[in-house]
$ cat protein-v4.csv   # CSV, C-alpha atoms
chain,number,residue,atom,x,y,z
A,80,MET,CA,149.6,-17.9,34.0
A,81,SER,CA,146.0,-17.3,34.9
A,82,SER,CA,144.9,-15.5,38.0
A,83,THR,CA,141.7,-14.7,39.9
A,84,ILE,CA,139.8,-11.7,38.9
A,85,ASN,CA,141.5,-8.6,40.4
A,86,TYR,CA,139.7,-5.6,41.9
A,87,ASN,CA,141.4,-2.2,42.0
A,88,ARG,CA,141.5,-0.6,45.5
A,89,ARG,CA,138.3,1.4,45.1
A,90,LYS,CA,136.3,-1.5,43.8
A,91,PHE,CA,137.6,-3.8,46.5
A,92,ILE,CA,136.7,-1.3,49.3
A,93,THR,CA,133.3,-0.8,47.7
A,94,HIS,CA,132.7,-4.5,47.4
A,95,SER,CA,133.8,-5.1,51.0
A,96,SER,CA,131.4,-2.4,52.3
A,97,LEU,CA,128.5,-3.9,50.4
A,98,VAL,CA,129.2,-7.3,51.9
A,99,ILE,CA,129.1,-5.9,55.4
A,100,ASP,CA,126.1,-3.7,54.6
A,101,GLY,CA,124.3,-6.6,53.1
A,102,LEU,CA,125.0,-8.8,56.0
A,103,MET,CA,123.7,-6.3,58.5
A,104,ALA,CA,120.6,-5.5,56.5
A,105,SER,CA,119.5,-8.9,55.0
A,106,SER,CA,118.2,-10.6,58.1
A,107,ALA,CA,117.9,-10.6,61.9
A,108,LEU,CA,120.3,-13.5,61.9
A,109,SER,CA,122.9,-11.4,60.1
A,110,LYS,CA,122.4,-8.4,62.3
A,111,SER,CA,123.2,-10.4,65.4
A,112,PHE,CA,126.6,-11.2,64.0
A,113,SER,CA,127.6,-7.7,62.9
A,114,ASN,CA,130.0,-7.1,65.8
A,115,SER,CA,132.1,-10.1,64.9
A,116,LEU,CA,132.4,-8.8,61.3
A,117,MET,CA,133.4,-5.3,62.4
A,118,THR,CA,136.1,-6.6,64.8
A,119,ALA,CA,137.7,-9.2,62.4
A,120,THR,CA,141.5,-8.9,62.3
A,121,ASN,CA,143.0,-12.0,60.6
A,122,SER,CA,142.7,-11.9,56.8
A,123,LYS,CA,143.6,-13.5,53.6
A,124,LEU,CA,142.3,-13.0,50.1
A,125,ILE,CA,140.1,-15.9,49.1
A,126,PRO,CA,139.2,-16.7,45.5
A,127,THR,CA,135.5,-17.0,44.7
A,128,LEU,CA,133.5,-17.3,41.5
A,129,LYS,CA,133.1,-13.5,41.5
A,130,GLY,CA,136.7,-12.6,42.3
A,131,THR,CA,138.7,-12.4,45.5
A,132,ILE,CA,137.3,-11.5,48.9
A,133,ASP,CA,139.1,-10.8,52.2
A,134,SER,CA,138.5,-13.6,54.6
A,135,SER,CA,137.6,-11.1,57.3
A,136,LYS,CA,134.5,-10.3,55.2
A,137,LEU,CA,133.2,-13.8,54.6
A,138,GLY,CA,130.3,-13.3,56.9
A,139,VAL,CA,127.8,-16.0,57.6
A,140,THR,CA,129.3,-19.1,55.9
A,141,LEU,CA,128.0,-22.6,55.1
A,142,MET,CA,131.2,-24.6,54.9
A,143,HIS,CA,130.0,-27.8,53.1
A,144,GLU,CA,127.5,-27.5,50.4
A,145,HIS,CA,126.9,-28.4,46.7
A,146,LEU,CA,125.8,-26.3,43.8
A,147,LEU,CA,125.5,-29.1,41.3
A,148,THR,CA,126.4,-32.8,41.6
A,149,TRP,CA,125.6,-35.3,38.8
A,150,SER,CA,122.9,-36.7,36.7
A,151,THR,CA,122.0,-40.4,36.6
A,152,THR,CA,120.1,-42.7,34.3
A,153,ALA,CA,119.6,-46.3,35.3
A,154,ASN,CA,121.8,-45.7,38.3
A,155,ILE,CA,124.8,-44.8,36.1
A,156,ILE,CA,126.5,-41.6,37.3
A,157,LYS,CA,127.0,-39.0,34.5
A,158,TRP,CA,129.4,-36.2,35.2
A,159,ASP,CA,127.6,-33.8,33.0
A,160,ILE,CA,124.1,-32.3,32.9
A,161,PRO,CA,122.2,-32.9,29.7
A,162,GLU,CA,121.9,-29.8,27.5
A,163,ASP,CA,118.1,-29.7,27.7
A,164,ILE,CA,118.1,-29.2,31.5
A,165,ARG,CA,121.2,-27.0,31.9
A,166,ASP,CA,119.2,-23.7,32.0
A,167,ARG,CA,116.9,-25.2,34.6
A,168,SER,CA,119.8,-26.4,36.6
A,169,VAL,CA,121.3,-22.9,36.7
A,170,GLU,CA,118.0,-21.4,37.8
A,171,ILE,CA,117.5,-24.0,40.5
A,172,ALA,CA,120.9,-23.4,42.0
A,173,ALA,CA,120.7,-19.6,41.8
A,174,ASN,CA,117.3,-19.6,43.4
A,175,LEU,CA,118.5,-21.8,46.3
A,176,LEU,CA,121.4,-19.4,46.9
A,177,ASN,CA,119.2,-16.3,46.7
A,178,GLU,CA,116.8,-17.8,49.2
A,179,ALA,CA,119.7,-18.5,51.6
A,180,HIS,CA,121.1,-14.9,51.0
A,181,ALA,CA,117.7,-13.5,52.0
A,182,ALA,CA,118.0,-15.6,55.2
A,183,GLY,CA,121.4,-14.1,56.0
A,184,LEU,CA,123.9,-16.2,54.1
A,185,ASN,CA,127.0,-14.4,52.7
A,186,THR,CA,129.4,-17.2,51.7
A,187,PHE,CA,128.9,-20.7,50.3
A,188,VAL,CA,131.7,-23.3,50.1
A,189,ASP,CA,131.1,-25.8,47.3
A,190,MET,CA,132.6,-29.1,48.2
A,191,MET,CA,132.1,-30.9,44.9
A,192,PRO,CA,135.5,-30.7,43.1
A,193,LEU,CA,134.8,-28.5,40.0
A,194,LEU,CA,135.1,-30.3,36.7
A,195,PRO,CA,135.5,-28.7,33.3
A,196,GLN,CA,132.1,-29.6,32.1
A,197,TYR,CA,130.6,-27.5,34.8
A,198,TYR,CA,132.8,-24.3,34.5
A,199,SER,CA,130.3,-22.4,32.4
A,200,LEU,CA,127.3,-23.5,34.5
A,201,TYR,CA,129.0,-22.3,37.7
A,202,GLN,CA,129.8,-18.9,36.3
A,203,ARG,CA,126.3,-18.5,35.1
A,204,ILE,CA,125.0,-19.3,38.6
A,205,ALA,CA,127.5,-16.8,40.1
A,206,ASP,CA,126.2,-14.1,37.8
A,207,LYS,CA,122.7,-14.5,39.3
A,208,THR,CA,123.5,-14.3,43.0
A,209,ASP,CA,125.2,-12.0,45.5
A,210,VAL,CA,126.5,-15.0,47.6
A,211,ASN,CA,130.2,-15.5,47.5
A,212,VAL,CA,130.9,-19.0,46.1
A,213,ILE,CA,134.2,-20.7,47.0
A,214,VAL,CA,134.9,-23.7,44.8
A,215,SER,CA,137.1,-26.7,45.4
A,216,THR,CA,139.6,-28.8,43.6
A,217,GLY,CA,140.4,-32.4,44.7
A,218,TYR,CA,138.7,-35.8,44.6
A,219,TYR,CA,135.4,-37.2,45.8
A,220,ALA,CA,134.9,-40.9,46.6
A,221,GLU,CA,136.9,-43.2,44.4
A,222,GLU,CA,133.9,-45.1,43.0
A,223,LYS,CA,132.2,-41.9,42.0
A,224,MET,CA,135.1,-40.2,40.3
A,225,PRO,CA,135.3,-40.0,36.5
A,226,ASP,CA,137.7,-42.5,35.0
A,227,ASN,CA,140.2,-39.9,33.9
A,228,LEU,CA,140.7,-38.7,37.5
A,229,ARG,CA,140.5,-42.0,39.1
A,230,SER,CA,143.3,-43.3,37.0
A,231,MET,CA,145.8,-40.5,37.8
A,232,THR,CA,149.1,-41.2,39.5
A,233,GLU,CA,149.9,-39.6,42.8
A,234,LEU,CA,152.1,-37.0,41.1
A,235,GLN,CA,149.4,-36.2,38.5
A,236,MET,CA,146.9,-35.7,41.3
A,237,GLU,CA,149.3,-33.3,43.1
A,238,ASP,CA,150.0,-31.4,39.9
A,239,ARG,CA,146.4,-31.0,39.0
A,240,MET,CA,145.4,-29.7,42.4
A,241,TYR,CA,148.4,-27.4,42.7
A,242,LYS,CA,147.6,-25.8,39.3
A,243,GLU,CA,143.9,-25.3,40.1
A,244,VAL,CA,144.9,-23.6,43.4
A,245,THR,CA,147.7,-21.4,42.1
A,246,ASP,CA,146.9,-20.8,38.4
A,247,GLY,CA,143.1,-21.5,38.2
A,248,PHE,CA,140.9,-24.0,36.5
A,249,GLN,CA,142.0,-24.5,33.0
A,250,GLY,CA,140.6,-21.8,30.6
A,251,THR,CA,139.1,-19.7,33.4
A,252,LYS,CA,140.2,-17.0,35.9
A,253,VAL,CA,138.8,-18.9,38.8
A,254,LYS,CA,141.1,-20.5,41.4
A,255,ALA,CA,140.1,-23.2,43.9
A,256,GLY,CA,139.8,-21.9,47.5
A,257,ILE,CA,139.8,-25.3,49.2
A,258,ILE,CA,140.8,-28.9,48.5
A,259,LYS,CA,138.2,-31.6,48.8
A,260,ILE,CA,139.3,-35.2,49.5
A,261,ALA,CA,137.3,-38.2,50.6
A,262,SER,CA,137.6,-41.6,52.2
A,263,ASN,CA,134.9,-44.2,52.8
A,264,SER,CA,137.1,-46.8,54.5
A,265,VAL,CA,139.3,-47.6,57.5
A,266,PRO,CA,142.1,-48.1,56.8
A,267,LEU,CA,142.2,-45.9,53.7
A,268,SER,CA,142.4,-47.7,50.4
A,269,ASP,CA,145.6,-47.3,48.3
A,270,TRP,CA,143.9,-44.8,46.0
A,271,GLU,CA,142.7,-42.8,49.0
A,272,ARG,CA,146.1,-42.7,50.5
A,273,ARG,CA,147.5,-41.3,47.3
A,274,VAL,CA,144.9,-38.6,47.3
A,275,TYR,CA,145.5,-37.6,50.9
A,276,ARG,CA,149.3,-37.6,50.5
A,277,SER,CA,149.1,-35.4,47.4
A,278,ALA,CA,146.6,-33.0,49.0
A,279,ALA,CA,148.7,-32.6,52.1
A,280,ARG,CA,151.7,-31.6,49.9
A,281,VAL,CA,149.7,-29.1,48.0
A,282,GLN,CA,148.4,-27.6,51.2
A,283,LYS,CA,151.9,-27.4,52.6
A,284,ALA,CA,153.1,-25.6,49.5
A,285,THR,CA,150.2,-23.2,49.1
A,286,GLY,CA,148.4,-22.8,52.4
A,287,VAL,CA,145.0,-23.6,50.9
A,288,PRO,CA,142.8,-25.4,53.4
A,289,ILE,CA,141.5,-29.0,53.1
A,290,GLY,CA,138.0,-30.3,53.6
A,291,CYS,CA,137.6,-34.1,54.2
A,292,HIS,CA,134.7,-36.4,53.6
A,293,ALA,CA,135.0,-38.2,56.9
A,294,TRP,CA,132.0,-40.3,57.9
A,295,LEU,CA,134.6,-42.9,58.8
A,296,GLY,CA,138.0,-42.5,60.3
A,297,ALA,CA,138.6,-38.8,60.9
A,298,ARG,CA,141.4,-39.6,63.2
A,299,VAL,CA,143.1,-41.8,60.7
A,300,GLN,CA,142.7,-39.2,57.9
A,301,LEU,CA,144.2,-36.5,60.1
A,302,ASP,CA,147.2,-38.7,60.9
A,303,ILE,CA,148.1,-39.3,57.2
A,304,LEU,CA,147.6,-35.7,56.4
A,305,MET,CA,149.9,-34.5,59.2
A,306,GLN,CA,152.5,-37.1,58.3
A,307,ASN,CA,152.7,-35.5,54.9
A,308,GLY,CA,152.9,-31.9,56.1
A,309,ALA,CA,149.3,-30.7,56.3
A,310,ASP,CA,148.4,-28.1,58.9
A,311,PRO,CA,145.4,-29.3,61.1
A,312,ASN,CA,144.4,-25.7,61.7
A,313,HIS,CA,143.3,-25.5,58.0
A,314,THR,CA,141.8,-28.9,57.8
A,315,ASN,CA,138.2,-29.9,58.5
A,316,PHE,CA,136.4,-33.3,58.7
A,317,ALA,CA,132.8,-33.4,57.6
A,318,HIS,CA,130.0,-35.8,58.4
A,319,ILE,CA,131.6,-36.9,61.7
A,320,GLU,CA,128.3,-37.3,63.4
A,321,THR,CA,126.9,-39.8,60.9
A,322,GLU,CA,125.9,-43.0,62.6
A,323,ALA,CA,127.9,-45.2,60.2
A,324,GLY,CA,131.0,-43.3,61.3
A,325,TRP,CA,130.7,-44.4,64.9
A,326,GLU,CA,132.6,-47.5,64.0
A,327,GLY,CA,131.0,-49.7,66.6
A,328,ARG,CA,131.7,-47.2,69.4
A,329,THR,CA,129.1,-45.5,71.6
A,330,ILE,CA,128.4,-41.9,71.0
A,331,GLU,CA,130.4,-41.1,74.1
A,332,GLN,CA,133.4,-43.1,72.9
A,333,THR,CA,133.1,-41.4,69.5
A,334,ALA,CA,133.1,-37.9,71.1
A,335,GLU,CA,136.3,-38.9,73.1
A,336,ARG,CA,138.0,-40.1,69.9
A,337,LEU,CA,137.1,-37.0,67.9
A,338,LEU,CA,138.3,-34.9,70.8
A,339,THR,CA,141.9,-35.9,69.8
A,340,VAL,CA,141.2,-34.4,66.3
A,341,VAL,CA,140.2,-31.0,67.7
A,342,LYS,CA,143.0,-31.0,70.3
A,343,ASP,CA,145.5,-31.4,67.4
A,344,GLY,CA,144.0,-28.4,65.8
A,345,GLY,CA,141.5,-29.9,63.3
A,346,TYR,CA,138.0,-28.7,62.7
A,347,ILE,CA,134.9,-31.0,62.8
A,348,LEU,CA,131.9,-30.3,60.6
A,349,PHE,CA,128.3,-31.2,61.5
A,350,ASN,CA,125.8,-31.3,58.7
A,351,ASN,CA,123.1,-34.0,59.5
A,352,PHE,CA,120.6,-31.4,60.7
A,353,PHE,CA,117.0,-32.5,60.2
A,354,GLN,CA,118.2,-36.0,59.1
A,355,GLU,CA,117.1,-38.2,62.0
A,356,PHE,CA,117.8,-41.3,59.9
A,357,TYR,CA,121.5,-40.4,60.1
A,358,THR,CA,121.8,-38.6,63.4
A,359,PRO,CA,119.0,-38.2,65.9
A,360,TRP,CA,118.6,-34.7,67.2
A,361,LYS,CA,119.5,-35.7,70.8
A,362,ASP,CA,122.8,-37.1,69.6
A,363,MET,CA,123.6,-34.1,67.5
A,364,VAL,CA,123.0,-31.8,70.5
A,365,PHE,CA,125.1,-34.2,72.7
A,366,LEU,CA,128.1,-34.0,70.4
A,367,LEU,CA,127.9,-30.3,69.8
A,368,ARG,CA,127.5,-29.6,73.5
A,369,TYR,CA,130.3,-32.0,74.3
A,370,PHE,CA,132.9,-30.0,72.3
A,371,CYS,CA,131.6,-26.6,73.4
A,372,ASP,CA,131.8,-27.6,77.0
A,373,LYS,CA,135.3,-28.8,76.5
A,374,GLY,CA,136.3,-25.4,75.2
A,375,TYR,CA,136.3,-26.3,71.5
A,376,ALA,CA,133.5,-24.2,70.1
A,377,ASN,CA,136.2,-22.6,68.0
A,378,ARG,CA,136.7,-25.9,66.2
A,379,ILE,CA,133.1,-26.5,65.0
A,380,PHE,CA,131.5,-25.9,61.6
A,381,THR,CA,127.7,-26.3,61.0
A,382,SER,CA,126.3,-26.7,57.5
A,383,MET,CA,123.6,-28.5,55.6
A,384,ASP,CA,125.4,-30.5,52.9
A,385,THR,CA,122.4,-29.8,50.7
A,386,ASN,CA,122.7,-31.6,47.4
A,387,TRP,CA,120.4,-32.4,44.6
A,388,GLN,CA,120.7,-34.1,41.3
A,389,TRP,CA,118.8,-35.1,38.2
A,390,LYS,CA,117.6,-38.7,38.2
A,391,ASP,CA,116.0,-39.8,34.9
A,392,GLY,CA,115.2,-36.2,34.2
A,393,LYS,CA,113.7,-35.4,37.6
A,394,GLN,CA,115.2,-33.1,40.2
A,395,VAL,CA,115.8,-35.1,43.4
A,396,PHE,CA,117.1,-33.9,46.8
A,397,GLU,CA,119.3,-36.3,48.8
A,398,GLU,CA,117.1,-39.1,50.2
A,399,GLU,CA,114.0,-37.8,48.6
A,400,ASP,CA,113.5,-41.1,46.8
A,401,CYS,CA,114.8,-43.2,49.6
A,402,LYS,CA,115.0,-42.6,53.4
A,403,ASP,CA,113.1,-39.3,53.7
A,404,PRO,CA,110.6,-38.6,50.8
A,405,VAL,CA,108.6,-36.1,52.9
A,406,ASN,CA,111.3,-33.9,54.3
A,407,ALA,CA,114.2,-34.1,51.9
A,408,GLY,CA,113.2,-31.1,49.8
A,409,LYS,CA,113.1,-28.9,52.9
A,410,ARG,CA,116.8,-29.2,53.6
A,411,LYS,CA,117.9,-26.4,51.3
A,412,TYR,CA,120.7,-24.0,51.9
A,413,ALA,CA,118.5,-21.5,53.7
A,414,PHE,CA,117.0,-24.1,56.0
A,415,PHE,CA,119.8,-24.2,58.5
A,416,LEU,CA,119.6,-20.4,59.0
A,417,THR,CA,115.8,-20.3,59.2
A,418,ASN,CA,115.2,-23.5,61.2
A,419,GLY,CA,118.5,-24.9,62.4
A,420,VAL,CA,119.7,-21.8,64.2
A,421,PRO,CA,116.4,-21.4,66.1
A,422,ASP,CA,116.5,-25.1,67.0
A,423,MET,CA,120.0,-24.8,68.3
A,424,GLU,CA,119.0,-21.8,70.4
A,425,ARG,CA,116.1,-23.8,71.9
A,426,ALA,CA,118.5,-26.6,72.6
A,427,GLY,CA,120.6,-24.2,74.8
A,428,PHE,CA,123.3,-23.0,72.4
A,429,THR,CA,124.1,-19.3,72.8
A,430,LYS,CA,124.1,-16.7,70.1
A,431,SER,CA,127.8,-16.4,70.7
A,432,GLU,CA,128.4,-20.1,70.1
A,433,ILE,CA,126.3,-20.1,66.9
A,434,GLU,CA,128.2,-17.0,65.7
A,435,THR,CA,131.4,-18.8,66.3
A,436,PHE,CA,130.3,-21.8,64.2
A,437,LEU,CA,129.0,-19.7,61.3
A,438,VAL,CA,131.2,-16.6,61.2
A,439,GLN,CA,134.3,-16.7,63.3
A,440,ASN,CA,135.5,-20.2,62.6
A,441,PRO,CA,135.2,-20.0,58.7
A,442,ARG,CA,137.0,-16.7,58.8
A,443,ASN,CA,139.8,-18.2,60.9
A,444,PHE,CA,139.9,-21.4,58.9
A,445,PHE,CA,140.6,-19.4,55.7
A,446,SER,CA,142.9,-16.8,57.3
A,447,ILE,CA,146.6,-16.9,57.8
$ encode --input "protein-v4.csv" --output "structure tokens"
Amino acid sequence: MSSTINYNRRKFITHSSLVIDGLMASSALSKSFSNSLMTATNSKLIPTLKGTIDSSKLGVTLMHEHLLTWSTTANIIKWDIPEDIRDRSVEIAANLLNEAHAAGLNTFVDMMPLLPQYYSLYQRIADKTDVNVIVSTGYYAEEKMPDNLRSMTELQMEDRMYKEVTDGFQGTKVKAGIIKIASNSVPLSDWERRVYRSAARVQKATGVPIGCHAWLGARVQLDILMQNGADPNHTNFAHIETEAGWEGRTIEQTAERLLTVVKDGGYILFNNFFQEFYTPWKDMVFLLRYFCDKGYANRIFTSMDTNWQWKDGKQVFEEEDCKDPVNAGKRKYAFFLTNGVPDMERAGFTKSEIETFLVQNPRNFFSI
């Protein structure tokens, strides 16, 4: 049976100390969060591409990002990156991580389920950065999944995710630290329901957290997960502020409906920063403020959901060739730390609230 890379006690203590020292030294943002790191109590060993890390040492964490996605030619998704641009892909991803590390980032959660054709690329990226990278098992949207994964039975889905959480990705020493699942419909399709049921059972058996693509129906997704044994306290719902996810409701009605998710213990994840075409800034501030004022700052994640891909041999950031050709390339991993945090402070969010979003909540989410 495979296992994650093990540290001996001396190496682990040294690594943990370096994480804290790096966090305190790398940026003003990091220094302002040092007290939270030093007082962390809950812990669990979390697998990363570099080995295990204690959850109390995760530090500043972006909870929903992407190292690599896919390449396309003539709008056909290819779940592999052509050989002639693989080296360039590794360099791009590593540079983006290192820019974010310089801005104060310590941990990066990759929410694109890791596929065999990317194993070697991910490891090469990890070797070029000091950022902890947590990778995911699971399933993205049905229409974008490779045929071999889309055609799996529910038990095959469960078996695959369980093995990648407990034994590691085939042929590697890397284990998944989170399960990614996705739905684009309300109600869920038959395929999506199979994915959600199997993920819930894996979480119940292993304790590994779940991250949901939930621009529609976060409440519906939580219900099916809970019905199948999932723990809301280790489940998050991303993209909940996306306009398409408001399902005909006003923003106030949406906030009230999402309140039931956090009251039941779930986390909600905001990532549409600097994407006015998805969520105007005033609406983003309203939603974040709504949950903080209700006493649920401890159920909020903030991230960028930065993703880029190759399109006909050209690197393209999300919406660069569509809704936002001018600003898309700015929304890199570092941008939330260098621009988003100051914007949130100017909007009235306290350093303590922002620290809760970026440090305390990820630590608690991954902890026992």
$ atom_distance --input "protein-v4.csv" --atom1 "CA of Asp246 (chain A)" --atom2 "CA of Arg280 (chain A)"
16.5 Å
$ residues_around --input "protein-v4.csv" --residues "Phe396 (chain A)" --least-positions-apart "4" --cutoff "8 Å" --atoms "all atoms listed in the file" --output "list in words"
Thr385, Asn386, Trp387, Gln388, Ala407 and Gly408 of chain A
$ write_last_selection --input "protein-v4.csv" --atoms "C-alpha atoms" --output "CSV table (one decimal), in the coordinates of the input"
chain,number,residue,atom,x,y,z
A,385,THR,CA,122.4,-29.8,50.7
A,386,ASN,CA,122.7,-31.6,47.4
A,387,TRP,CA,120.4,-32.4,44.6
A,388,GLN,CA,120.7,-34.1,41.3
A,407,ALA,CA,114.2,-34.1,51.9
A,408,GLY,CA,113.2,-31.1,49.8
$ residues_near_point --input "protein-v4.csv" --point "(145.5, -41.5, 64.4)" --cutoff "12 Å" --atoms "only C-alpha atoms" --output "number ranges by chain"
A: 265-266, 296-306, 336-340, 343
$ closest_residue --input "protein-v4.csv" --among "A:Gly183, A:Ser122, A:Arg203, A:Glu398" --to "Val420 (chain A)" --atoms "all atoms listed in the file"
A:Gly183
$ closest_residue --input "protein-v4.csv" --among "A:Phe356, A:Pro126, A:Asp163, A:Met236" --to "Cys401 (chain A)" --atoms "only C-alpha atoms"
A:Phe356
$ atom_distance --input "protein-v4.csv" --atom1 "CA of Gly324 (chain A)" --atom2 "CA of His143 (chain A)"
17.6 Å
$ closest_residue --input "protein-v4.csv" --among "A:Gly374, A:Gly130, A:Gly344, A:Pro441" --to "Asp310 (chain A)" --atoms "only C-alpha atoms"
A:Gly344
$ closest_residue --input "protein-v4.csv" --among "A:Asn351, A:Gln202, A:Thr333, A:Thr232" --to "Glu397 (chain A)" --atoms "only C-alpha atoms"
A:Asn351
